[in-house]
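What's in structure_11.csv: CSV, C-alpha atoms and all ligand atoms
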chain,number,residue,atom,x,y,z
A,23,MET,CA,-27.7,4.5,6.6
A,24,THR,CA,-24.0,5.0,7.1
A,25,HIS,CA,-22.1,7.0,4.5
A,26,THR,CA,-18.5,5.8,4.3
A,27,LEU,CA,-15.5,7.5,2.9
A,28,LEU,CA,-13.2,4.8,1.5
A,29,HIS,CA,-9.5,5.5,1.4
A,30,ILE,CA,-8.0,4.1,-1.8
A,31,CYS,CA,-4.4,3.2,-1.7
A,32,CYS,CA,-4.3,2.0,-5.3
A,33,ALA,CA,-6.7,0.6,-8.0
A,34,PRO,CA,-5.6,-3.1,-7.7
A,35,CYS,CA,-6.2,-3.1,-4.0
A,36,SER,CA,-9.6,-1.5,-4.4
A,37,THR,CA,-11.1,-4.1,-6.7
A,38,VAL,CA,-12.4,-6.5,-4.1
A,39,PRO,CA,-13.4,-4.0,-1.4
A,40,LEU,CA,-15.4,-1.8,-3.8
A,41,ALA,CA,-17.1,-4.9,-5.3
A,42,ALA,CA,-18.1,-6.1,-1.8
A,43,LEU,CA,-19.4,-2.7,-0.7
A,44,LEU,CA,-21.4,-2.2,-4.0
A,45,ALA,CA,-22.8,-5.7,-3.8
A,46,GLU,CA,-24.1,-5.1,-0.3
A,47,GLY,CA,-25.6,-1.7,-1.3
A,48,THR,CA,-23.4,0.4,0.9
A,49,PRO,CA,-23.2,4.0,-0.4
A,50,VAL,CA,-19.5,4.6,-1.0
A,51,PHE,CA,-17.3,7.5,-2.0
A,52,ALA,CA,-13.6,7.0,-2.7
A,53,LEU,CA,-10.7,9.2,-1.8
A,54,PHE,CA,-7.3,8.7,-3.3
A,55,GLU,CA,-5.1,10.1,-0.5
A,56,ASN,CA,-1.5,9.1,-1.0
A,57,SER,CA,1.2,11.7,-0.5
A,58,ASN,CA,3.5,8.8,0.3
A,59,ILE,CA,3.9,7.9,-3.4
A,60,HIS,CA,7.2,8.8,-4.9
A,61,PRO,CA,7.9,10.2,-7.4
A,62,ALA,CA,5.1,12.5,-8.6
A,63,GLU,CA,4.9,10.6,-12.0
A,64,GLU,CA,4.2,7.3,-10.1
A,65,HIS,CA,1.5,9.1,-8.1
A,66,GLU,CA,-0.1,10.3,-11.3
A,67,ARG,CA,0.0,6.9,-12.9
A,68,ARG,CA,-1.7,5.2,-9.9
A,69,TRP,CA,-4.2,8.0,-9.6
A,70,ALA,CA,-5.0,7.8,-13.4
A,71,THR,CA,-5.4,4.0,-13.1
A,72,PHE,CA,-7.9,4.4,-10.2
A,73,ALA,CA,-9.8,7.3,-11.8
A,74,SER,CA,-10.4,5.2,-14.9
A,75,PHE,CA,-11.6,2.3,-12.8
A,76,ALA,CA,-13.9,4.5,-10.7
A,77,GLU,CA,-15.4,6.0,-13.9
A,78,ASN,CA,-16.2,2.5,-15.1
A,79,LEU,CA,-17.8,1.6,-11.8
A,80,GLY,CA,-19.8,4.8,-11.8
A,81,ILE,CA,-18.9,5.7,-8.2
A,82,GLY,CA,-18.0,9.1,-6.7
A,83,TYR,CA,-14.3,9.7,-6.1
A,84,ALA,CA,-11.8,12.4,-5.5
A,85,GLN,CA,-8.1,13.0,-5.0
A,86,GLY,CA,-6.6,14.3,-1.8
A,87,ALA,CA,-4.0,17.1,-2.1
A,88,TYR,CA,-0.7,15.5,-3.1
A,89,ASP,CA,1.9,16.9,-0.6
A,90,PRO,CA,5.0,14.8,-0.5
A,91,ASP,CA,6.9,17.5,1.5
A,92,ALA,CA,4.3,17.3,4.3
A,93,TRP,CA,4.5,13.5,4.2
A,94,ASP,CA,8.4,13.7,4.5
A,95,ALA,CA,8.1,16.1,7.4
A,96,ALA,CA,5.6,13.8,9.2
A,97,VAL,CA,7.2,10.4,8.4
A,98,GLY,CA,10.8,11.5,7.9
A,99,THR,CA,11.9,10.9,11.5
A,100,HIS,CA,11.3,7.1,10.9
A,101,ALA,CA,12.5,7.1,7.2
A,102,GLY,CA,15.0,4.6,6.0
A,103,VAL,CA,15.6,1.5,3.9
A,104,TYR,CA,14.8,-1.7,5.8
A,105,PRO,CA,14.8,-4.7,3.5
A,106,LEU,CA,13.2,-7.7,5.1
A,107,ARG,CA,15.1,-10.8,4.1
A,108,GLU,CA,14.4,-14.2,5.5
A,109,GLY,CA,17.3,-15.5,7.4
A,110,ASP,CA,18.9,-12.1,7.8
A,111,PRO,CA,20.1,-11.8,11.5
A,112,ALA,CA,18.9,-8.2,11.4
A,113,LEU,CA,15.4,-9.1,10.3
A,114,ALA,CA,13.6,-8.3,13.5
A,115,GLU,CA,15.4,-5.0,13.9
A,116,MET,CA,14.6,-3.9,10.4
A,117,ARG,CA,11.0,-5.0,10.7
A,118,ALA,CA,10.7,-2.9,13.9
A,119,LEU,CA,12.2,0.1,12.1
A,120,ARG,CA,9.9,-0.3,9.0
A,121,LEU,CA,6.9,-0.7,11.4
A,122,LYS,CA,7.6,2.8,12.9
A,123,ARG,CA,7.8,4.4,9.4
A,124,CYS,CA,4.6,2.7,8.2
A,125,ARG,CA,2.7,3.6,11.3
A,126,ALA,CA,3.6,7.2,10.8
A,127,CYS,CA,2.5,6.9,7.2
A,128,TYR,CA,-0.9,5.4,8.1
A,129,ALA,CA,-1.4,8.2,10.7
A,130,PHE,CA,-0.6,10.9,8.1
A,131,ARG,CA,-2.9,9.6,5.4
A,132,PHE,CA,-5.8,8.7,7.8
A,133,GLU,CA,-5.7,12.1,9.5
A,134,ARG,CA,-6.3,13.7,6.1
A,135,LEU,CA,-8.9,11.1,5.2
A,136,ALA,CA,-10.9,11.6,8.5
A,137,ALA,CA,-10.6,15.4,8.1
A,138,TYR,CA,-12.0,15.2,4.6
A,139,ALA,CA,-14.8,12.9,5.8
A,140,ALA,CA,-15.8,15.2,8.7
A,141,ALA,CA,-15.8,18.2,6.4
A,142,HIS,CA,-18.0,16.6,3.8
A,143,GLY,CA,-20.6,14.9,6.0
A,144,PHE,CA,-19.4,11.3,6.0
A,145,ASP,CA,-20.2,9.1,9.1
A,146,ALA,CA,-17.3,6.7,8.8
A,147,VAL,CA,-13.9,6.0,7.2
A,148,ALA,CA,-12.5,2.8,5.8
A,149,THR,CA,-9.4,1.8,3.8
A,150,THR,CA,-8.5,-0.6,1.0
A,151,LEU,CA,-4.9,-0.8,2.3
A,152,SER,CA,-6.0,-3.5,4.6
A,153,ILE,CA,-6.1,-6.0,1.8
A,154,SER,CA,-2.3,-6.1,1.6
A,155,PRO,CA,-0.6,-8.9,3.5
A,156,TYR,CA,2.6,-6.8,3.4
A,157,GLN,CA,1.2,-4.2,5.8
A,158,PHE,CA,1.0,-4.0,9.6
A,159,THR,CA,-2.7,-4.7,9.8
A,160,ALA,CA,-3.3,-4.1,13.6
A,161,LEU,CA,-1.4,-0.8,13.6
A,162,MET,CA,-3.4,0.3,10.5
A,163,ALA,CA,-6.7,-0.5,12.3
A,164,ALA,CA,-5.5,1.4,15.3
A,165,GLU,CA,-4.5,4.5,13.3
A,166,LEU,CA,-7.7,4.5,11.4
A,167,ALA,CA,-9.7,4.3,14.6
A,168,ALA,CA,-7.7,7.1,16.2
A,169,ALA,CA,-8.0,9.4,13.2
A,170,ALA,CA,-11.8,8.8,13.0
A,171,ALA,CA,-12.2,9.5,16.8
A,172,ARG,CA,-10.3,12.8,16.5
A,173,HIS,CA,-12.9,13.9,14.0
A,174,GLY,CA,-16.0,12.5,15.7
A,175,ILE,CA,-16.8,9.8,13.1
A,176,ALA,CA,-16.6,6.0,13.1
A,177,SER,CA,-14.0,3.6,11.8
A,178,ALA,CA,-15.3,1.0,9.4
A,179,PHE,CA,-12.0,-0.9,9.2
A,180,ASN,CA,-12.3,-4.3,7.5
A,181,ASP,CA,-9.5,-6.8,7.3
A,182,TYR,CA,-9.5,-7.8,3.6
A,183,ARG,CA,-6.3,-9.8,3.5
A,184,ALA,CA,-8.0,-13.1,2.7
A,185,SER,CA,-9.1,-11.5,-0.6
A,186,TYR,CA,-5.6,-10.4,-1.7
A,187,PRO,CA,-5.1,-13.2,-4.2
A,188,GLU,CA,-8.5,-12.4,-5.7
A,189,SER,CA,-7.6,-8.7,-6.0
A,190,VAL,CA,-4.4,-9.7,-7.9
A,191,ARG,CA,-6.4,-12.0,-10.2
A,192,ARG,CA,-9.1,-9.3,-10.9
A,193,SER,CA,-6.6,-6.4,-11.4
A,194,ARG,CA,-4.6,-8.6,-13.8
A,195,SER,CA,-7.7,-9.6,-15.8
A,196,LEU,CA,-8.7,-5.9,-16.1
A,197,GLY,CA,-5.2,-5.1,-17.4
A,198,MET,CA,-4.6,-2.6,-14.6
A,199,TYR,CA,-1.2,-1.1,-13.9
A,200,ARG,CA,0.2,-3.0,-10.9
A,201,GLN,CA,3.1,-1.4,-9.1
A,202,ASN,CA,6.0,-3.4,-7.7
A,203,HIS,CA,6.5,-1.5,-4.4
A,204,CYS,CA,4.3,0.0,-1.7
A,205,GLY,CA,4.7,3.7,-2.5
A,206,CYS,CA,7.4,5.7,-0.8
A,207,ARG,CA,11.0,5.9,-2.1
A,208,TYR,CA,12.2,3.7,0.7
A,209,SER,CA,9.8,1.0,-0.2
A,210,ALA,CA,11.0,1.1,-3.8
A,211,GLU,CA,14.6,0.6,-2.7
A,212,GLU,CA,13.6,-2.2,-0.3
A,213,ALA,CA,11.6,-4.0,-3.0
A,214,ALA,CA,14.6,-3.8,-5.4
A,215,LEU,CA,16.9,-5.2,-2.7
A,216,GLU,CA,14.4,-8.0,-1.8
A,217,ARG,CA,14.0,-8.9,-5.5
A,218,ALA,CA,17.8,-9.0,-5.9
A,219,ALA,CA,18.1,-11.2,-2.9
A,220,ARG,CA,15.4,-13.6,-4.1
A,221,LYS,CA,17.1,-13.8,-7.5
A,222,ALA,CA,20.5,-14.6,-6.0
A,223,SER,CA,18.9,-17.2,-3.8
A,224,ARG,CA,17.1,-18.8,-6.9
A,225,LYS,CA,20.4,-18.8,-8.8
A,226,ALA,CA,22.2,-20.4,-5.9
A,227,GLY,CA,19.5,-23.1,-5.7
A,228,ARG,CA,19.8,-23.8,-9.5
A,229,GLU,CA,23.5,-24.1,-9.3
A,230,THR,CA,24.6,-27.8,-9.2
A,231,PRO,CA,27.7,-28.8,-7.2
A,232,ARG,CA,29.3,-29.6,-10.6
A,233,GLU,CA,28.7,-26.1,-11.9
A,234,ALA,CA,30.0,-24.6,-8.6
A,235,VAL,CA,33.2,-26.7,-8.9
A,236,GLN,CA,33.7,-25.6,-12.5
A,237,GLU,CA,33.4,-22.0,-11.4
A,238,GLY,CA,36.0,-22.5,-8.7
A,239,ARG,CA,33.5,-22.1,-5.9
A,240,GLY,CA,33.2,-25.7,-4.8
A,241,ALA,CA,33.6,-26.5,-1.1
A,301,LIG,S1,6.3,1.2,2.9
A,301,LIG,FE1,4.2,1.9,2.3
A,301,LIG,S2,3.1,2.1,4.2
A,301,LIG,FE2,5.3,2.0,4.7
A,301,LIG,S3,6.0,4.2,4.7
A,301,LIG,FE3,6.3,3.4,2.7
A,301,LIG,S4,4.5,4.0,1.5
A,301,LIG,FE4,4.0,4.1,3.7

Just give me the structure of the file as structure tokens.
Ligand code: SF4
Amino acid sequence: MTHTLLHICCAPCSTVPLAALLAEGTPVFALFENSNIHPAEEHERRWATFASFAENLGIGYAQGAYDPDAWDAAVGTHAGVYPLREGDPALAEMRALRLKRCRACYAFRFERLAAYAAAHGFDAVATTLSISPYQFTALMAAELAAAAARHGIASAFNDYRASYPESVRRSRSLGMYRQNHCGCRYSAEEAALERAARKASRKAGRETPREAVQEGRGA
């Protein structure tokens, strides 16, 4: 039987993958390995949320060493704020820049995951991060496979994206803390910019021509 080390990105994303693995009787041990999360208080909050969930499930779990300086050194060459706004002429360019940063981030976390797995006798690695429709799924799969191969174990990558709405529903019903950005400080800034852009767009949509004229902004 394969013993899989499951990378946990956060508790909400882990709800469906853990339920599926437990339902099929797969032995699973979870590793919270996320030096990308900024600041340390946010990392602690997400870890505490997951630890509480894992305790309730009765599964084995651990936390990888939190080392944001090492993450910065590894991912920093691609660091930057790249908000992805529909209709922005720079959308493709910003997406490409964010893609490089996220790929380096996957590589960093999965290398540590695979090293831990090899050192503790696991046969395979997997990740809950693949449930997010906001990630670069193919690159994530490639980086997980590469990290696993470097350590002589298998990748048990599973694309969970179809279950994302269910993970939102379950995590809400459990009253879990749900963060509003991916993790790094750049993603926090991007999410804030994207929220502001959506808000402005909604406001513009609600504004009737009569109101626009009254405010002196009519055609
Ligand atoms: S947006 Fe998420 S995956 Fe991308 S670099 Fe930041 S923390 Fe890592």

Practice task
Give as a VMD selection string the residues surrounding ligand LIG 301 (chain A) up to a distance of 6 Å, considering all atoms listed in the file.
Solution key: chain A and resid 58 123 to 124 127 204 to 206 209

Exercise for the section: Record the distance separating CA of Ala137 in chain A and CA of His65 in chain A, expressed in Å with one decimal. Expected result: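 It comes out at 21.2 Å.
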
Handout entry: Residue contacts of Glu212 in chain A (9 Å, all atoms listed in the file) excluding same-chain residues fewer than 4 positions away, as JSON, numbers by chain
Key = {"A": [103, 104, 105, 106, 203, 207, 208, 216, 217]}

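Proximity to Ser57 in chain A was assessed for A:Arg131, A:His173, A:Arg107, A:His100 counting only C-alpha atoms; the smallest distance is recorded for A:Arg131.
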
Problem - Among the residues A:Glu211, A:Ala170, A:Gln201, A:Ser185, the one that comes closest to Ala42 in chain A [using all atoms listed in the file] - result: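 Checking each candidate against Ala42 in chain A, we get A:Ser185 as the closest.
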
Exercise for the section: Could you tell me which of A:Tyr138, A:Ala114, A:Asp94, A:Gly80 comes closest to Leu53 in chain A if we count only C-alpha atoms? Expected result: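 For Leu53 in chain A, the nearest of the given residues is A:Tyr138.
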
Problem - Separation of CA of Asp91 in chain A from CA of Glu64 in chain A in Å - result: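 Between these atoms lies a distance of 15.7 Å.
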
Practice task
For CA of Ala101 in chain A and CA of Trp69 in chain A, determine how far apart the two atoms are, in Å to one decimal place.
Solution key: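 Straight-line distance from CA of Ala101 in chain A to CA of Trp69 in chain A works out to 23.7 Å.
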
Problem - Using all atoms listed in the file: which of A:Cys35, A:Leu215, A:Leu44, A:Leu113 has the shortest distance to Tyr182 in chain A - result: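 Closest residue, counting all atoms listed in the file: A:Cys35.
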
Exercise for the section: Using only C-alpha atoms, pick whichever of A:His142, A:Arg172, A:His29, A:Arg117 has the shortest atom-to-atom distance to Glu55 in chain A. Expected result: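 The shortest atom-to-atom distance to Glu55 in chain A comes from A:His29.
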
Practice task
Choose the residue, out of A:Ala87, A:Gly98, A:Ile81, A:Pro61, that has the smallest atom-to-atom separation from Leu40 in chain A; count only C-alpha atoms.
Solution key: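 Using only C-alpha atoms, Leu40 in chain A sits closest to A:Ile81.
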
Taking the block above, write range 155-170 of chain A with all heavy atoms as a short mmCIF file (atom, residue, chain, number, x, y, z; two decimals), in the first residue's frame.
data_model
loop_
_atom_site.label_atom_id
_atom_site.label_comp_id
_atom_site.auth_asym_id
_atom_site.auth_seq_id
_atom_site.Cartn_x
_atom_site.Cartn_y
_atom_site.Cartn_z
N PRO A 155 -8.78 27.00 -8.39
CA PRO A 155 -8.85 27.36 -9.81
C PRO A 155 -8.02 28.60 -10.11
O PRO A 155 -7.92 29.01 -11.26
CB PRO A 155 -10.35 27.64 -10.02
CG PRO A 155 -10.86 28.03 -8.67
CD PRO A 155 -10.03 27.31 -7.65
N TYR A 156 -7.42 29.21 -9.09
CA TYR A 156 -6.62 30.42 -9.29
C TYR A 156 -5.13 30.11 -9.47
O TYR A 156 -4.33 31.02 -9.61
CB TYR A 156 -6.81 31.37 -8.09
CG TYR A 156 -8.25 31.68 -7.83
CD1 TYR A 156 -8.91 31.17 -6.73
CD2 TYR A 156 -8.97 32.46 -8.74
CE1 TYR A 156 -10.26 31.43 -6.51
CE2 TYR A 156 -10.32 32.72 -8.54
CZ TYR A 156 -10.95 32.21 -7.42
OH TYR A 156 -12.29 32.47 -7.22
N GLN A 157 -4.77 28.84 -9.42
CA GLN A 157 -3.37 28.45 -9.56
C GLN A 157 -3.06 28.00 -10.98
O GLN A 157 -3.96 27.85 -11.81
CB GLN A 157 -3.05 27.33 -8.57
CG GLN A 157 -3.27 27.69 -7.11
CD GLN A 157 -2.26 28.69 -6.58
OE1 GLN A 157 -1.16 28.83 -7.10
NE2 GLN A 157 -2.63 29.41 -5.54
N PHE A 158 -1.78 27.76 -11.24
CA PHE A 158 -1.33 27.27 -12.55
C PHE A 158 -1.18 25.76 -12.44
O PHE A 158 -0.10 25.24 -12.10
CB PHE A 158 -0.02 27.96 -12.94
CG PHE A 158 -0.13 29.45 -13.02
CD1 PHE A 158 0.29 30.26 -11.98
CD2 PHE A 158 -0.70 30.07 -14.14
CE1 PHE A 158 0.18 31.64 -12.04
CE2 PHE A 158 -0.83 31.46 -14.21
CZ PHE A 158 -0.39 32.25 -13.17
N THR A 159 -2.26 25.05 -12.71
CA THR A 159 -2.35 23.62 -12.38
C THR A 159 -1.29 22.76 -13.07
O THR A 159 -0.66 21.91 -12.43
CB THR A 159 -3.76 23.10 -12.74
OG1 THR A 159 -4.72 23.98 -12.15
CG2 THR A 159 -3.97 21.70 -12.22
N ALA A 160 -1.09 22.99 -14.36
CA ALA A 160 -0.12 22.15 -15.09
C ALA A 160 1.30 22.36 -14.55
O ALA A 160 2.07 21.39 -14.40
CB ALA A 160 -0.17 22.47 -16.58
N LEU A 161 1.65 23.60 -14.25
CA LEU A 161 2.98 23.87 -13.70
C LEU A 161 3.13 23.25 -12.32
O LEU A 161 4.19 22.73 -11.96
CB LEU A 161 3.22 25.37 -13.61
CG LEU A 161 3.34 26.12 -14.93
CD1 LEU A 161 3.63 27.58 -14.68
CD2 LEU A 161 4.44 25.51 -15.77
N MET A 162 2.06 23.31 -11.56
CA MET A 162 2.08 22.72 -10.22
C MET A 162 2.35 21.22 -10.31
O MET A 162 3.18 20.66 -9.59
CB MET A 162 0.73 22.97 -9.55
CG MET A 162 0.66 22.57 -8.10
SD MET A 162 -1.05 22.56 -7.56
CE MET A 162 -1.56 24.22 -7.91
N ALA A 163 1.65 20.55 -11.23
CA ALA A 163 1.83 19.11 -11.41
C ALA A 163 3.27 18.80 -11.82
O ALA A 163 3.88 17.84 -11.32
CB ALA A 163 0.85 18.59 -12.46
N ALA A 164 3.81 19.63 -12.71
CA ALA A 164 5.18 19.40 -13.19
C ALA A 164 6.19 19.58 -12.05
O ALA A 164 7.14 18.79 -11.91
CB ALA A 164 5.50 20.37 -14.33
N GLU A 165 5.98 20.60 -11.23
CA GLU A 165 6.93 20.84 -10.13
C GLU A 165 6.82 19.76 -9.05
O GLU A 165 7.82 19.39 -8.44
CB GLU A 165 6.71 22.23 -9.52
CG GLU A 165 7.10 23.37 -10.43
CD GLU A 165 8.59 23.36 -10.83
OE1 GLU A 165 9.40 22.74 -10.09
OE2 GLU A 165 8.93 23.95 -11.86
N LEU A 166 5.61 19.26 -8.82
CA LEU A 166 5.47 18.18 -7.84
C LEU A 166 6.18 16.92 -8.34
O LEU A 166 6.89 16.25 -7.59
CB LEU A 166 3.99 17.88 -7.57
CG LEU A 166 3.75 16.92 -6.41
CD1 LEU A 166 4.10 17.55 -5.07
CD2 LEU A 166 2.28 16.45 -6.38
N ALA A 167 5.99 16.61 -9.63
CA ALA A 167 6.64 15.42 -10.21
C ALA A 167 8.16 15.56 -10.17
O ALA A 167 8.87 14.60 -9.86
CB ALA A 167 6.15 15.23 -11.65
N ALA A 168 8.65 16.76 -10.47
CA ALA A 168 10.11 16.97 -10.48
C ALA A 168 10.69 16.81 -9.08
O ALA A 168 11.73 16.17 -8.89
CB ALA A 168 10.42 18.36 -11.03
N ALA A 169 10.01 17.37 -8.09
CA ALA A 169 10.50 17.26 -6.70
C ALA A 169 10.47 15.80 -6.24
O ALA A 169 11.41 15.32 -5.61
CB ALA A 169 9.64 18.13 -5.78
N ALA A 170 9.38 15.11 -6.57
CA ALA A 170 9.28 13.69 -6.18
C ALA A 170 10.41 12.88 -6.82
O ALA A 170 11.06 12.07 -6.15
CB ALA A 170 7.92 13.14 -6.60
#
